[in-house]
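Shown here: work_9.txt, compact mmCIF, N, CA and C atoms.
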# COMPACT_ATOMS: atom_id res chain seq x y z
N MET A 28 100.14 95.55 55.89
CA MET A 28 100.22 96.49 56.99
C MET A 28 99.18 96.10 58.04
N GLY A 29 99.59 96.15 59.31
CA GLY A 29 98.71 95.79 60.41
C GLY A 29 97.89 96.96 60.89
N LYS A 30 97.88 97.16 62.18
CA LYS A 30 97.09 98.23 62.80
C LYS A 30 97.99 99.40 63.19
N ALA A 31 97.34 100.56 63.41
CA ALA A 31 98.08 101.77 63.75
C ALA A 31 97.69 102.28 65.13
N LEU A 32 98.68 102.80 65.86
CA LEU A 32 98.49 103.40 67.18
C LEU A 32 98.98 104.84 67.13
N ALA A 33 98.19 105.75 67.67
CA ALA A 33 98.59 107.16 67.78
C ALA A 33 99.00 107.43 69.22
N LEU A 34 100.09 108.17 69.39
CA LEU A 34 100.56 108.54 70.72
C LEU A 34 100.62 110.06 70.82
N ALA A 35 100.10 110.60 71.91
CA ALA A 35 100.13 112.05 72.12
C ALA A 35 100.34 112.33 73.60
N GLY A 36 101.14 113.31 73.88
CA GLY A 36 101.46 113.63 75.26
C GLY A 36 101.05 115.03 75.65
N VAL A 37 101.67 115.51 76.72
CA VAL A 37 101.41 116.85 77.23
C VAL A 37 102.73 117.59 77.34
N LEU A 38 102.64 118.90 77.47
CA LEU A 38 103.83 119.71 77.66
C LEU A 38 104.43 119.45 79.03
N LEU A 39 105.73 119.64 79.16
CA LEU A 39 106.39 119.38 80.44
C LEU A 39 105.82 120.20 81.58
N GLN A 40 105.46 121.45 81.32
CA GLN A 40 104.94 122.28 82.40
C GLN A 40 103.60 121.79 82.92
N ASP A 41 102.94 120.90 82.17
CA ASP A 41 101.67 120.35 82.61
C ASP A 41 101.83 119.06 83.42
N LEU A 42 103.05 118.55 83.51
CA LEU A 42 103.30 117.35 84.30
C LEU A 42 103.59 117.74 85.75
N PRO A 43 103.21 116.88 86.70
CA PRO A 43 103.56 117.15 88.09
C PRO A 43 105.08 117.13 88.27
N GLU A 44 105.56 117.76 89.33
CA GLU A 44 107.00 117.83 89.59
C GLU A 44 107.65 116.47 89.66
N ASN A 45 106.93 115.49 90.22
CA ASN A 45 107.52 114.15 90.37
C ASN A 45 107.52 113.34 89.08
N ARG A 46 107.11 113.94 87.96
CA ARG A 46 107.12 113.27 86.65
C ARG A 46 108.00 114.03 85.65
N GLN A 47 108.75 115.01 86.10
CA GLN A 47 109.61 115.79 85.22
C GLN A 47 110.84 114.99 84.81
N PRO A 48 111.46 115.33 83.66
CA PRO A 48 112.68 114.64 83.24
C PRO A 48 113.73 114.65 84.36
N GLY A 49 114.43 113.54 84.49
CA GLY A 49 115.46 113.42 85.51
C GLY A 49 114.94 112.86 86.83
N THR A 50 113.63 112.64 86.93
CA THR A 50 113.07 112.09 88.16
C THR A 50 112.76 110.61 87.97
N LEU A 51 112.58 109.92 89.07
CA LEU A 51 112.18 108.52 89.01
C LEU A 51 110.82 108.39 88.34
N GLY A 52 109.93 109.34 88.57
CA GLY A 52 108.62 109.33 87.95
C GLY A 52 108.70 109.39 86.43
N TRP A 53 109.65 110.15 85.89
CA TRP A 53 109.85 110.24 84.44
C TRP A 53 110.29 108.89 83.88
N LEU A 54 111.20 108.23 84.59
CA LEU A 54 111.66 106.91 84.15
C LEU A 54 110.52 105.90 84.20
N LYS A 55 109.68 105.99 85.23
CA LYS A 55 108.52 105.10 85.33
C LYS A 55 107.54 105.36 84.19
N LEU A 56 107.37 106.63 83.84
CA LEU A 56 106.49 106.98 82.72
C LEU A 56 107.03 106.39 81.42
N LYS A 57 108.32 106.51 81.22
CA LYS A 57 108.95 105.96 80.02
C LYS A 57 108.79 104.44 79.98
N ALA A 58 108.98 103.78 81.10
CA ALA A 58 108.82 102.33 81.16
C ALA A 58 107.37 101.93 80.87
N ALA A 59 106.43 102.71 81.36
CA ALA A 59 105.01 102.42 81.11
C ALA A 59 104.68 102.56 79.63
N VAL A 60 105.23 103.58 78.98
CA VAL A 60 105.01 103.76 77.54
C VAL A 60 105.61 102.57 76.79
N TRP A 61 106.82 102.18 77.16
CA TRP A 61 107.49 101.05 76.50
C TRP A 61 106.63 99.79 76.63
N GLU A 62 106.16 99.48 77.84
CA GLU A 62 105.34 98.29 78.06
C GLU A 62 104.05 98.35 77.25
N THR A 63 103.46 99.52 77.16
CA THR A 63 102.22 99.68 76.41
C THR A 63 102.45 99.46 74.92
N VAL A 64 103.52 100.05 74.40
CA VAL A 64 103.85 99.87 72.98
C VAL A 64 104.12 98.39 72.70
N GLU A 65 104.85 97.74 73.57
CA GLU A 65 105.13 96.30 73.40
C GLU A 65 103.83 95.50 73.38
N ALA A 66 102.89 95.86 74.24
CA ALA A 66 101.60 95.16 74.27
C ALA A 66 100.85 95.35 72.95
N TYR A 67 100.91 96.55 72.38
CA TYR A 67 100.26 96.78 71.09
C TYR A 67 100.96 96.03 69.98
N LEU A 68 102.27 95.91 70.05
CA LEU A 68 103.00 95.10 69.06
C LEU A 68 102.51 93.66 69.08
N GLN A 69 102.31 93.13 70.27
CA GLN A 69 101.82 91.76 70.41
C GLN A 69 100.42 91.59 69.81
N ARG A 70 99.67 92.68 69.72
CA ARG A 70 98.31 92.64 69.18
C ARG A 70 98.28 92.95 67.68
N GLY A 71 99.45 93.03 67.04
CA GLY A 71 99.50 93.21 65.59
C GLY A 71 99.65 94.64 65.11
N PHE A 72 99.94 95.57 66.00
CA PHE A 72 100.15 96.96 65.59
C PHE A 72 101.57 97.10 65.07
N ASP A 73 101.71 97.75 63.91
CA ASP A 73 103.04 97.93 63.33
C ASP A 73 103.28 99.34 62.78
N THR A 74 102.28 100.20 62.90
CA THR A 74 102.40 101.58 62.46
C THR A 74 102.09 102.49 63.64
N PHE A 75 102.96 103.47 63.87
CA PHE A 75 102.80 104.34 65.02
C PHE A 75 102.87 105.81 64.59
N TYR A 76 101.82 106.54 64.92
CA TYR A 76 101.76 107.99 64.67
C TYR A 76 102.10 108.68 65.98
N CYS A 77 102.98 109.66 65.91
CA CYS A 77 103.34 110.37 67.13
C CYS A 77 103.43 111.86 66.85
N ASP A 78 102.72 112.60 67.68
CA ASP A 78 102.78 114.06 67.67
C ASP A 78 104.15 114.42 68.25
N ILE A 79 104.92 115.22 67.57
CA ILE A 79 106.29 115.48 68.04
C ILE A 79 106.48 116.94 68.43
N LYS A 80 105.72 117.39 69.40
CA LYS A 80 105.90 118.76 69.88
C LYS A 80 107.02 118.82 70.91
N THR A 81 106.69 118.62 72.14
CA THR A 81 107.68 118.69 73.22
C THR A 81 107.27 117.74 74.33
N GLY A 82 108.07 117.69 75.36
CA GLY A 82 107.70 116.97 76.57
C GLY A 82 107.45 115.49 76.35
N VAL A 83 106.28 115.04 76.76
CA VAL A 83 105.94 113.62 76.71
C VAL A 83 105.87 113.12 75.27
N ASP A 84 105.54 113.99 74.33
CA ASP A 84 105.53 113.59 72.91
C ASP A 84 106.91 113.06 72.51
N LEU A 85 107.95 113.79 72.88
CA LEU A 85 109.30 113.37 72.53
C LEU A 85 109.73 112.14 73.30
N LEU A 86 109.24 111.98 74.52
CA LEU A 86 109.49 110.75 75.27
C LEU A 86 108.89 109.57 74.53
N CYS A 87 107.66 109.72 74.05
CA CYS A 87 107.00 108.65 73.28
C CYS A 87 107.81 108.32 72.03
N TRP A 88 108.28 109.36 71.34
CA TRP A 88 109.05 109.14 70.12
C TRP A 88 110.33 108.38 70.44
N GLU A 89 110.99 108.75 71.53
CA GLU A 89 112.22 108.08 71.94
C GLU A 89 111.95 106.59 72.21
N VAL A 90 110.85 106.30 72.89
CA VAL A 90 110.48 104.91 73.15
C VAL A 90 110.22 104.18 71.83
N LEU A 91 109.48 104.81 70.92
CA LEU A 91 109.17 104.16 69.64
C LEU A 91 110.43 103.83 68.86
N THR A 92 111.39 104.74 68.81
CA THR A 92 112.62 104.45 68.06
C THR A 92 113.43 103.36 68.75
N ASP A 93 113.44 103.36 70.08
CA ASP A 93 114.14 102.29 70.81
C ASP A 93 113.48 100.94 70.55
N VAL A 94 112.16 100.91 70.59
CA VAL A 94 111.43 99.66 70.33
C VAL A 94 111.71 99.19 68.91
N ARG A 95 111.66 100.12 67.95
CA ARG A 95 111.92 99.74 66.55
C ARG A 95 113.34 99.18 66.40
N ASP A 96 114.32 99.80 67.07
CA ASP A 96 115.70 99.33 66.97
C ASP A 96 115.88 97.93 67.56
N ASN A 97 115.03 97.57 68.52
CA ASN A 97 115.16 96.28 69.19
C ASN A 97 114.12 95.26 68.73
N SER A 98 113.32 95.60 67.74
CA SER A 98 112.24 94.72 67.30
C SER A 98 112.66 93.90 66.09
N LYS A 99 112.16 92.68 66.06
CA LYS A 99 112.40 91.83 64.89
C LYS A 99 111.33 92.07 63.84
N THR A 100 110.26 92.75 64.24
CA THR A 100 109.17 93.06 63.32
C THR A 100 109.39 94.46 62.75
N PRO A 101 109.26 94.65 61.45
CA PRO A 101 109.41 96.00 60.88
C PRO A 101 108.27 96.91 61.35
N LEU A 102 108.63 98.08 61.81
CA LEU A 102 107.67 99.07 62.29
C LEU A 102 107.76 100.32 61.43
N GLN A 103 106.63 100.98 61.26
CA GLN A 103 106.62 102.26 60.55
C GLN A 103 106.32 103.36 61.55
N LEU A 104 107.22 104.35 61.64
CA LEU A 104 107.05 105.47 62.55
C LEU A 104 106.74 106.73 61.75
N ILE A 105 105.60 107.36 62.07
CA ILE A 105 105.16 108.54 61.34
C ILE A 105 105.11 109.71 62.31
N ALA A 106 105.94 110.70 62.06
CA ALA A 106 105.97 111.92 62.89
C ALA A 106 104.93 112.89 62.36
N VAL A 107 104.07 113.37 63.25
CA VAL A 107 103.02 114.31 62.88
C VAL A 107 103.30 115.61 63.62
N ARG A 108 103.33 116.71 62.87
CA ARG A 108 103.60 118.00 63.53
C ARG A 108 102.64 119.06 63.04
N SER A 109 102.40 120.02 63.92
CA SER A 109 101.52 121.14 63.56
C SER A 109 102.38 122.38 63.33
N TYR A 110 101.81 123.34 62.66
CA TYR A 110 102.55 124.58 62.39
C TYR A 110 102.50 125.55 63.57
N THR A 111 101.73 125.23 64.59
CA THR A 111 101.57 126.15 65.72
C THR A 111 102.41 125.71 66.91
N GLU A 112 103.47 124.96 66.65
CA GLU A 112 104.31 124.50 67.75
C GLU A 112 105.10 125.66 68.35
N ARG A 113 105.66 125.45 69.53
CA ARG A 113 106.36 126.50 70.26
C ARG A 113 107.80 126.65 69.80
N GLY A 114 108.06 126.58 68.52
CA GLY A 114 109.42 126.61 67.99
C GLY A 114 110.39 127.56 68.66
N PRO A 115 110.09 128.86 68.73
CA PRO A 115 111.06 129.79 69.30
C PRO A 115 111.25 129.59 70.80
N TYR A 116 110.32 128.90 71.46
CA TYR A 116 110.39 128.76 72.92
C TYR A 116 110.98 127.43 73.36
N LEU A 117 111.36 126.59 72.41
CA LEU A 117 111.92 125.29 72.76
C LEU A 117 113.32 125.47 73.33
N THR A 118 113.67 124.59 74.27
CA THR A 118 115.04 124.59 74.77
C THR A 118 115.94 124.01 73.69
N ARG A 119 117.22 124.19 73.83
CA ARG A 119 118.17 123.65 72.86
C ARG A 119 118.04 122.12 72.78
N THR A 120 117.89 121.48 73.94
CA THR A 120 117.75 120.03 73.98
C THR A 120 116.49 119.59 73.26
N GLU A 121 115.37 120.30 73.46
CA GLU A 121 114.12 119.96 72.79
C GLU A 121 114.27 120.12 71.28
N LYS A 122 114.94 121.19 70.84
CA LYS A 122 115.14 121.41 69.41
C LYS A 122 115.94 120.27 68.79
N ILE A 123 116.98 119.83 69.48
CA ILE A 123 117.81 118.74 68.98
C ILE A 123 117.01 117.44 68.92
N ARG A 124 116.26 117.15 69.97
CA ARG A 124 115.47 115.92 70.01
C ARG A 124 114.40 115.94 68.92
N LYS A 125 113.80 117.10 68.70
CA LYS A 125 112.76 117.22 67.68
C LYS A 125 113.37 117.04 66.28
N SER A 126 114.52 117.64 66.03
CA SER A 126 115.20 117.48 64.74
C SER A 126 115.56 116.02 64.50
N LEU A 127 116.04 115.35 65.53
CA LEU A 127 116.39 113.94 65.42
C LEU A 127 115.15 113.11 65.11
N ALA A 128 114.03 113.44 65.73
CA ALA A 128 112.78 112.72 65.47
C ALA A 128 112.40 112.83 64.00
N LEU A 129 112.56 113.99 63.43
CA LEU A 129 112.20 114.18 62.01
C LEU A 129 113.09 113.36 61.09
N VAL A 130 114.35 113.20 61.47
CA VAL A 130 115.28 112.40 60.67
C VAL A 130 114.97 110.91 60.81
N GLU A 131 114.59 110.50 62.01
CA GLU A 131 114.34 109.08 62.28
C GLU A 131 113.00 108.58 61.74
N ALA A 132 112.11 109.50 61.43
CA ALA A 132 110.77 109.12 60.98
C ALA A 132 110.80 108.45 59.62
N ASP A 133 109.92 107.48 59.44
CA ASP A 133 109.74 106.88 58.12
C ASP A 133 108.97 107.84 57.22
N ARG A 134 108.17 108.68 57.84
CA ARG A 134 107.40 109.69 57.12
C ARG A 134 107.07 110.82 58.08
N VAL A 135 107.05 112.06 57.56
CA VAL A 135 106.67 113.24 58.35
C VAL A 135 105.42 113.82 57.72
N VAL A 136 104.42 114.08 58.55
CA VAL A 136 103.17 114.66 58.09
C VAL A 136 103.02 116.02 58.76
N ASP A 137 102.87 117.06 57.95
CA ASP A 137 102.64 118.40 58.47
C ASP A 137 101.15 118.68 58.44
N THR A 138 100.63 119.18 59.55
CA THR A 138 99.22 119.52 59.64
C THR A 138 99.09 121.01 59.96
N GLY A 139 97.88 121.50 60.07
CA GLY A 139 97.66 122.91 60.39
C GLY A 139 97.97 123.20 61.85
N ASN A 140 96.94 123.31 62.66
CA ASN A 140 97.14 123.62 64.07
C ASN A 140 97.15 122.34 64.90
N LEU A 141 97.22 122.49 66.21
CA LEU A 141 97.27 121.33 67.11
C LEU A 141 96.02 120.47 66.96
N GLU A 142 94.87 121.10 66.82
CA GLU A 142 93.63 120.35 66.66
C GLU A 142 93.68 119.49 65.39
N ALA A 143 94.18 120.06 64.30
CA ALA A 143 94.28 119.31 63.04
C ALA A 143 95.26 118.15 63.19
N CYS A 144 96.32 118.37 63.94
CA CYS A 144 97.31 117.33 64.18
C CYS A 144 96.66 116.15 64.90
N CYS A 145 95.94 116.44 65.98
CA CYS A 145 95.28 115.38 66.75
C CYS A 145 94.19 114.69 65.93
N ARG A 146 93.44 115.47 65.17
CA ARG A 146 92.38 114.90 64.34
C ARG A 146 92.97 113.96 63.28
N TYR A 147 94.06 114.36 62.66
CA TYR A 147 94.71 113.52 61.66
C TYR A 147 95.10 112.17 62.25
N MET A 148 95.75 112.21 63.41
CA MET A 148 96.18 110.95 64.03
C MET A 148 94.99 110.09 64.43
N ALA A 149 93.93 110.73 64.94
CA ALA A 149 92.74 109.98 65.36
C ALA A 149 92.08 109.30 64.16
N GLU A 150 92.07 109.97 63.02
CA GLU A 150 91.45 109.38 61.83
C GLU A 150 92.28 108.24 61.25
N LYS A 151 93.58 108.28 61.41
CA LYS A 151 94.46 107.26 60.82
C LYS A 151 94.65 106.05 61.71
N ALA A 152 94.55 106.22 63.01
CA ALA A 152 94.89 105.16 63.95
C ALA A 152 93.70 104.28 64.32
N ASP A 153 94.01 103.05 64.67
CA ASP A 153 93.01 102.12 65.17
C ASP A 153 92.83 102.27 66.68
N ALA A 154 93.85 102.82 67.35
CA ALA A 154 93.81 103.04 68.80
C ALA A 154 94.70 104.23 69.12
N ALA A 155 94.54 104.76 70.32
CA ALA A 155 95.35 105.92 70.73
C ALA A 155 95.82 105.76 72.17
N LEU A 156 97.01 106.27 72.42
CA LEU A 156 97.57 106.34 73.76
C LEU A 156 97.80 107.82 74.04
N ALA A 157 97.08 108.34 75.02
CA ALA A 157 97.20 109.76 75.35
C ALA A 157 97.47 109.89 76.85
N PHE A 158 98.01 111.01 77.24
CA PHE A 158 98.35 111.26 78.64
C PHE A 158 97.43 112.32 79.22
N PHE A 159 96.96 112.06 80.41
CA PHE A 159 96.08 112.99 81.09
C PHE A 159 96.74 113.35 82.41
N THR A 160 96.84 114.64 82.68
CA THR A 160 97.53 115.10 83.89
C THR A 160 96.61 115.15 85.10
N GLY A 161 95.33 114.96 84.90
CA GLY A 161 94.41 115.05 86.02
C GLY A 161 93.83 116.43 86.19
N LYS A 162 94.30 117.40 85.38
CA LYS A 162 93.79 118.76 85.46
C LYS A 162 92.99 119.07 84.21
N ALA A 163 91.91 119.78 84.37
CA ALA A 163 91.11 120.22 83.22
C ALA A 163 91.76 121.48 82.64
N GLY A 164 91.59 121.66 81.35
CA GLY A 164 92.04 122.90 80.71
C GLY A 164 93.52 123.02 80.53
N VAL A 165 94.23 121.93 80.30
CA VAL A 165 95.68 122.03 80.11
C VAL A 165 96.07 122.20 78.66
N LEU A 166 95.11 122.17 77.74
CA LEU A 166 95.45 122.36 76.33
C LEU A 166 95.82 123.82 76.09
N PRO A 167 96.85 124.06 75.26
CA PRO A 167 97.21 125.44 74.94
C PRO A 167 96.12 126.08 74.09
N PRO A 168 96.01 127.40 74.14
CA PRO A 168 94.99 128.06 73.31
C PRO A 168 95.28 127.84 71.84
N ALA A 169 94.22 127.76 71.03
CA ALA A 169 94.36 127.52 69.59
C ALA A 169 94.90 128.73 68.88
Please re-express this file's structure in structure tokens.
Amino acid sequence: MGKALALAGVLLQDLPENRQPGTLGWLKLKAAVWETVEAYLQRGFDTFYCDIKTGVDLLCWEVLTDVRDNSKTPLQLIAVRSYTERGPYLTRTEKIRKSLALVEADRVVDTGNLEACCRYMAEKADAALAFFTGKAGVLPPA
């Protein structure tokens, strides 16, 4: 086993309007994640931890599964989820994408709250890719 990368995103409401799904900015964000993951593959990373809440997290997961499907190198995808996710507030599309992520994962790890989820990934990974919106205080309350 090589190195591990953790990916974590932000909720859609925390992204600027020009980065929302269906915009050119969203496609550019997806392309940037793909290029970054490819660069880590070239550096010997083969295990990827991804927080699978909503928004950019699911975009990262979609990129990871696409990369795995197109890679000649075997990759391990580990879905990490917390028990404090916004389950009842998810859109139908988000619920479907999240369910699909759980099926596509090589392993699913359940953690306590969001902080425990992030801590778990940070402890397991050799590097992390996280998204910053430019605003302070965008984390949901614990």
As an mmCIF file with N, CA and C atoms, in the coordinates of the input, please: every residue in stretch 41-93 of chain A that a backbone DSSP assignment puts in strand (DSSP E).
data_model
loop_
_atom_site.group_PDB
_atom_site.id
_atom_site.type_symbol
_atom_site.label_atom_id
_atom_site.label_comp_id
_atom_site.auth_asym_id
_atom_site.auth_seq_id
_atom_site.Cartn_x
_atom_site.Cartn_y
_atom_site.Cartn_z
ATOM 1 N N PHE A 72 99.940 95.570 66.000
ATOM 2 C CA PHE A 72 100.150 96.960 65.590
ATOM 3 C C PHE A 72 101.570 97.100 65.070
ATOM 4 N N ASP A 73 101.710 97.750 63.910
ATOM 5 C CA ASP A 73 103.040 97.930 63.330
ATOM 6 C C ASP A 73 103.280 99.340 62.780
ATOM 7 N N THR A 74 102.280 100.200 62.900
ATOM 8 C CA THR A 74 102.400 101.580 62.460
ATOM 9 C C THR A 74 102.090 102.490 63.640
ATOM 10 N N PHE A 75 102.960 103.470 63.870
ATOM 11 C CA PHE A 75 102.800 104.340 65.020
ATOM 12 C C PHE A 75 102.870 105.810 64.590
ATOM 13 N N TYR A 76 101.820 106.540 64.920
ATOM 14 C CA TYR A 76 101.760 107.990 64.670
ATOM 15 C C TYR A 76 102.100 108.680 65.980
ATOM 16 N N CYS A 77 102.980 109.660 65.910
ATOM 17 C CA CYS A 77 103.340 110.370 67.130
ATOM 18 C C CYS A 77 103.430 111.860 66.850
ATOM 19 N N ASP A 78 102.720 112.600 67.680
ATOM 20 C CA ASP A 78 102.780 114.060 67.670
ATOM 21 C C ASP A 78 104.150 114.420 68.250
#
Could you give me, as a ChimeraX atom specification, each residue of chain A that DSSP assigns to helix (DSSP H, G or I) when run on this structure's backbone?
-> /A:39-41,44-46,51-69,83-97,114-116,119-131,141-151
Contacts of stretch 94-108 of chain A within 10 Å, only C-alpha atoms, excl. fewer than 2 positions in-chain, as a compact mmCIF listing (two decimals) with N, CA and C atoms, in the frame of the given file:
# COMPACT_ATOMS: atom_id res chain seq x y z
N MET A 28 100.14 95.55 55.89
CA MET A 28 100.22 96.49 56.99
C MET A 28 99.18 96.10 58.04
N GLY A 29 99.59 96.15 59.31
CA GLY A 29 98.71 95.79 60.41
C GLY A 29 97.89 96.96 60.89
N ALA A 31 97.34 100.56 63.41
CA ALA A 31 98.08 101.77 63.75
C ALA A 31 97.69 102.28 65.13
N LEU A 32 98.68 102.80 65.86
CA LEU A 32 98.49 103.40 67.18
C LEU A 32 98.98 104.84 67.13
N ALA A 33 98.19 105.75 67.67
CA ALA A 33 98.59 107.16 67.78
C ALA A 33 99.00 107.43 69.22
N ALA A 35 100.10 110.60 71.91
CA ALA A 35 100.13 112.05 72.12
C ALA A 35 100.34 112.33 73.60
N TRP A 61 106.82 102.18 77.16
CA TRP A 61 107.49 101.05 76.50
C TRP A 61 106.63 99.79 76.63
N GLU A 62 106.16 99.48 77.84
CA GLU A 62 105.34 98.29 78.06
C GLU A 62 104.05 98.35 77.25
N VAL A 64 103.52 100.05 74.40
CA VAL A 64 103.85 99.87 72.98
C VAL A 64 104.12 98.39 72.70
N GLU A 65 104.85 97.74 73.57
CA GLU A 65 105.13 96.30 73.40
C GLU A 65 103.83 95.50 73.38
N LEU A 68 102.27 95.91 70.05
CA LEU A 68 103.00 95.10 69.06
C LEU A 68 102.51 93.66 69.08
N GLY A 71 99.45 93.03 67.04
CA GLY A 71 99.50 93.21 65.59
C GLY A 71 99.65 94.64 65.11
N PHE A 72 99.94 95.57 66.00
CA PHE A 72 100.15 96.96 65.59
C PHE A 72 101.57 97.10 65.07
N ASP A 73 101.71 97.75 63.91
CA ASP A 73 103.04 97.93 63.33
C ASP A 73 103.28 99.34 62.78
N THR A 74 102.28 100.20 62.90
CA THR A 74 102.40 101.58 62.46
C THR A 74 102.09 102.49 63.64
N PHE A 75 102.96 103.47 63.87
CA PHE A 75 102.80 104.34 65.02
C PHE A 75 102.87 105.81 64.59
N TYR A 76 101.82 106.54 64.92
CA TYR A 76 101.76 107.99 64.67
C TYR A 76 102.10 108.68 65.98
N CYS A 77 102.98 109.66 65.91
CA CYS A 77 103.34 110.37 67.13
C CYS A 77 103.43 111.86 66.85
N ASP A 78 102.72 112.60 67.68
CA ASP A 78 102.78 114.06 67.67
C ASP A 78 104.15 114.42 68.25
N ILE A 79 104.92 115.22 67.57
CA ILE A 79 106.29 115.48 68.04
C ILE A 79 106.48 116.94 68.43
N LYS A 80 105.72 117.39 69.40
CA LYS A 80 105.90 118.76 69.88
C LYS A 80 107.02 118.82 70.91
N TRP A 88 108.28 109.36 71.34
CA TRP A 88 109.05 109.14 70.12
C TRP A 88 110.33 108.38 70.44
N GLU A 89 110.99 108.75 71.53
CA GLU A 89 112.22 108.08 71.94
C GLU A 89 111.95 106.59 72.21
N VAL A 90 110.85 106.30 72.89
CA VAL A 90 110.48 104.91 73.15
C VAL A 90 110.22 104.18 71.83
N LEU A 91 109.48 104.81 70.92
CA LEU A 91 109.17 104.16 69.64
C LEU A 91 110.43 103.83 68.86
N THR A 92 111.39 104.74 68.81
CA THR A 92 112.62 104.45 68.06
C THR A 92 113.43 103.36 68.75
N TYR A 110 101.81 123.34 62.66
CA TYR A 110 102.55 124.58 62.39
C TYR A 110 102.50 125.55 63.57
N THR A 111 101.73 125.23 64.59
CA THR A 111 101.57 126.15 65.72
C THR A 111 102.41 125.71 66.91
N GLU A 112 103.47 124.96 66.65
CA GLU A 112 104.31 124.50 67.75
C GLU A 112 105.10 125.66 68.35
N LYS A 125 113.80 117.10 68.70
CA LYS A 125 112.76 117.22 67.68
C LYS A 125 113.37 117.04 66.28
N ALA A 128 114.03 113.44 65.73
CA ALA A 128 112.78 112.72 65.47
C ALA A 128 112.40 112.83 64.00
N LEU A 129 112.56 113.99 63.43
CA LEU A 129 112.20 114.18 62.01
C LEU A 129 113.09 113.36 61.09
N VAL A 130 114.35 113.20 61.47
CA VAL A 130 115.28 112.40 60.67
C VAL A 130 114.97 110.91 60.81
N GLU A 131 114.59 110.50 62.01
CA GLU A 131 114.34 109.08 62.28
C GLU A 131 113.00 108.58 61.74
N ALA A 132 112.11 109.50 61.43
CA ALA A 132 110.77 109.12 60.98
C ALA A 132 110.80 108.45 59.62
N ASP A 133 109.92 107.48 59.44
CA ASP A 133 109.74 106.88 58.12
C ASP A 133 108.97 107.84 57.22
N ARG A 134 108.17 108.68 57.84
CA ARG A 134 107.40 109.69 57.12
C ARG A 134 107.07 110.82 58.08
N VAL A 135 107.05 112.06 57.56
CA VAL A 135 106.67 113.24 58.35
C VAL A 135 105.42 113.82 57.72
N VAL A 136 104.42 114.08 58.55
CA VAL A 136 103.17 114.66 58.09
C VAL A 136 103.02 116.02 58.76
N ASP A 137 102.87 117.06 57.95
CA ASP A 137 102.64 118.40 58.47
C ASP A 137 101.15 118.68 58.44
N THR A 138 100.63 119.18 59.55
CA THR A 138 99.22 119.52 59.64
C THR A 138 99.09 121.01 59.96
N GLY A 139 97.88 121.50 60.07
CA GLY A 139 97.66 122.91 60.39
C GLY A 139 97.97 123.20 61.85
N ASN A 140 96.94 123.31 62.66
CA ASN A 140 97.14 123.62 64.07
C ASN A 140 97.15 122.34 64.90
N LEU A 141 97.22 122.49 66.21
CA LEU A 141 97.27 121.33 67.11
C LEU A 141 96.02 120.47 66.96
N ALA A 143 94.18 120.06 64.30
CA ALA A 143 94.28 119.31 63.04
C ALA A 143 95.26 118.15 63.19
N CYS A 144 96.32 118.37 63.94
CA CYS A 144 97.31 117.33 64.18
C CYS A 144 96.66 116.15 64.90
N CYS A 145 95.94 116.44 65.98
CA CYS A 145 95.28 115.38 66.75
C CYS A 145 94.19 114.69 65.93
N TYR A 147 94.06 114.36 62.66
CA TYR A 147 94.71 113.52 61.66
C TYR A 147 95.10 112.17 62.25
N MET A 148 95.75 112.21 63.41
CA MET A 148 96.18 110.95 64.03
C MET A 148 94.99 110.09 64.43
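Put simply, atom CA of A:Lys151 is 25.2 Å away from atom N of A:Ala58.
Residue nearest A:Lys30, chosen from A:Val60, A:Ala157, A:Leu54, A:Ala152 and counting only N, CA and C atoms: A:Ala152.
Across the model, the gap from atom CA of A:Ser109 to atom N of A:Glu142 is 7.4 Å.
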Got a sec: who's within 12 Å of A:Pro48, counting only C-alpha atoms, leaving out chain neighbours fewer than 3 positions off, as a PyMOL selection string?
-> chain A and resi 38-40+42-45+51-57+81-83+85-86+120-121
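Note that the spacing between atom N of A:Ser126 and atom N of A:Gly49 amounts to 18.9 Å.
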Just add N, CA, C and O atoms to stretch 119-125 of chain A and send it as a PDB file, in the frame of the given file.
ATOM      1  N   ARG A 119     117.220 124.190  73.830  1.00  0.00           N
ATOM      2  CA  ARG A 119     118.170 123.650  72.860  1.00  0.00           C
ATOM      3  C   ARG A 119     118.040 122.120  72.780  1.00  0.00           C
ATOM      4  O   ARG A 119     118.040 121.547  71.695  1.00  0.00           O
ATOM      5  N   THR A 120     117.890 121.480  73.940  1.00  0.00           N
ATOM      6  CA  THR A 120     117.750 120.030  73.980  1.00  0.00           C
ATOM      7  C   THR A 120     116.490 119.590  73.260  1.00  0.00           C
ATOM      8  O   THR A 120     116.500 118.625  72.488  1.00  0.00           O
ATOM      9  N   GLU A 121     115.370 120.300  73.460  1.00  0.00           N
ATOM     10  CA  GLU A 121     114.120 119.960  72.790  1.00  0.00           C
ATOM     11  C   GLU A 121     114.270 120.120  71.280  1.00  0.00           C
ATOM     12  O   GLU A 121     113.770 119.293  70.513  1.00  0.00           O
ATOM     13  N   LYS A 122     114.940 121.190  70.840  1.00  0.00           N
ATOM     14  CA  LYS A 122     115.140 121.410  69.410  1.00  0.00           C
ATOM     15  C   LYS A 122     115.940 120.270  68.790  1.00  0.00           C
ATOM     16  O   LYS A 122     115.632 119.791  67.694  1.00  0.00           O
ATOM     17  N   ILE A 123     116.980 119.830  69.480  1.00  0.00           N
ATOM     18  CA  ILE A 123     117.810 118.740  68.980  1.00  0.00           C
ATOM     19  C   ILE A 123     117.010 117.440  68.920  1.00  0.00           C
ATOM     20  O   ILE A 123     117.040 116.732  67.908  1.00  0.00           O
ATOM     21  N   ARG A 124     116.260 117.150  69.970  1.00  0.00           N
ATOM     22  CA  ARG A 124     115.470 115.920  70.010  1.00  0.00           C
ATOM     23  C   ARG A 124     114.400 115.940  68.920  1.00  0.00           C
ATOM     24  O   ARG A 124     114.125 114.928  68.284  1.00  0.00           O
ATOM     25  N   LYS A 125     113.800 117.100  68.700  1.00  0.00           N
ATOM     26  CA  LYS A 125     112.760 117.220  67.680  1.00  0.00           C
ATOM     27  C   LYS A 125     113.370 117.040  66.280  1.00  0.00           C
ATOM     28  O   LYS A 125     112.813 116.334  65.446  1.00  0.00           O
TER      29      LYS A 125
END
